[in-house]
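I have placed the structure first, in the form of structure tokens, so that the comments after it can refer back to it.
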Amino acid sequence: MDRTMIYLLTGALLSTIVIECGVLLLLGEKRRRVYLLSAVVNVVTNLPLNLYLMFVRNTWPVLLFGEAMVVVFEAAVYYGLIRNMRQALVYSLLCNAISFLVGVLIQLMRV
């Protein structure tokens with residue numbers, strides 16, 4: 001793996017963490033453990049998904065399937081901490097949808 005790939009992965013991860021913590025803040029989340037969990041779960045999901053997308057044919061169906069798997073996994077992890085399935089799903093869906101859309105907008109601006 002070259003430096004460019006490492007910079008891209010690191011940038012994607014850090015921006016995702018910042019965006020998703022911002023979403024949690026806008027949703028009124030006050031528990032520090034939820035923010036820490038969000039950062040940790042993004043390390044576990046963001047890096048593997050982006051690595052996978054770098055090495056396979058990156059099509060919309062593949063990308064959307066990967067994002068759906070991330071949403072399901074993250075919702076389960078959030079549920080483990082907050083014990084409220086509806087809130088866990090809202091957190092996971094909104095955080096991932098907004099960070100995904102910001103990523104798409106960034107890619108479109110680069111073209």
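For the structure tokens, the naming scheme is as follows: chains receive sequential letters (A, B, ...) according to their order of presentation, residues are indexed from 1 within each chain, and ligands are indexed from 1 in presentation order.
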(message) Taking 6 positions as the minimum chain separation for residues in the same chain, which residues sit within 9 Å of Leu53 of chain A when counting only C-alpha atoms? Answer as a ChimeraX atom specification.
(response) /A:59,62-63,66
(request) List every residue of segment 24-70 of chain A that DSSP, applied to the backbone of this structure, assigns to helix (DSSP H, G or I), and report them as a PyMOL selection string. (result) chain A and resi 24-26+32-55+60-70
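Proximity of A:Ser99, A:Asn50, A:Gln87, A:Thr16 to Glu29 of chain A, computed with only C-alpha atoms, is greatest for A:Gln87.
Minimum distance to Val43 of chain A across A:Val23, A:Leu13, A:Cys95, A:Val104 (counting only C-alpha atoms) occurs at A:Leu13.
Here the question is which of A:Ile82, A:Ala12, A:Leu51, A:Val41 gets nearest to Gln107 of chain A using only C-alpha atoms, and that residue is A:Ala12.
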(request) Using atom CA of Val72 of chain A and atom CA of Thr4 of chain A as the two end points, give the distance in Å to one decimal. (result) 29.9 Å
(message) Please report the interatomic distance between atom CA of Leu9 of chain A and atom CA of Tyr35 of chain A in Å with one decimal.
(response) 20.5 Å
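Relative to atom CA of Asn96 of chain A, atom CA of Cys21 of chain A is found at 10.8 Å.
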(message) Set the distance at 12 Å and use only C-alpha atoms: which residues neighbour Leu81 of chain A once local chain neighbours fewer than 2 positions away are removed? I'd like the list as a PyMOL selection string.
(response) chain A and resi 31-38+41+74-79+83-85+87-88
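The smallest atom-to-atom distance between Ala68 of chain A and any of A:Gly28, A:Ala97, A:Tyr52, A:Gly80, using only C-alpha atoms, is found for A:Ala97.
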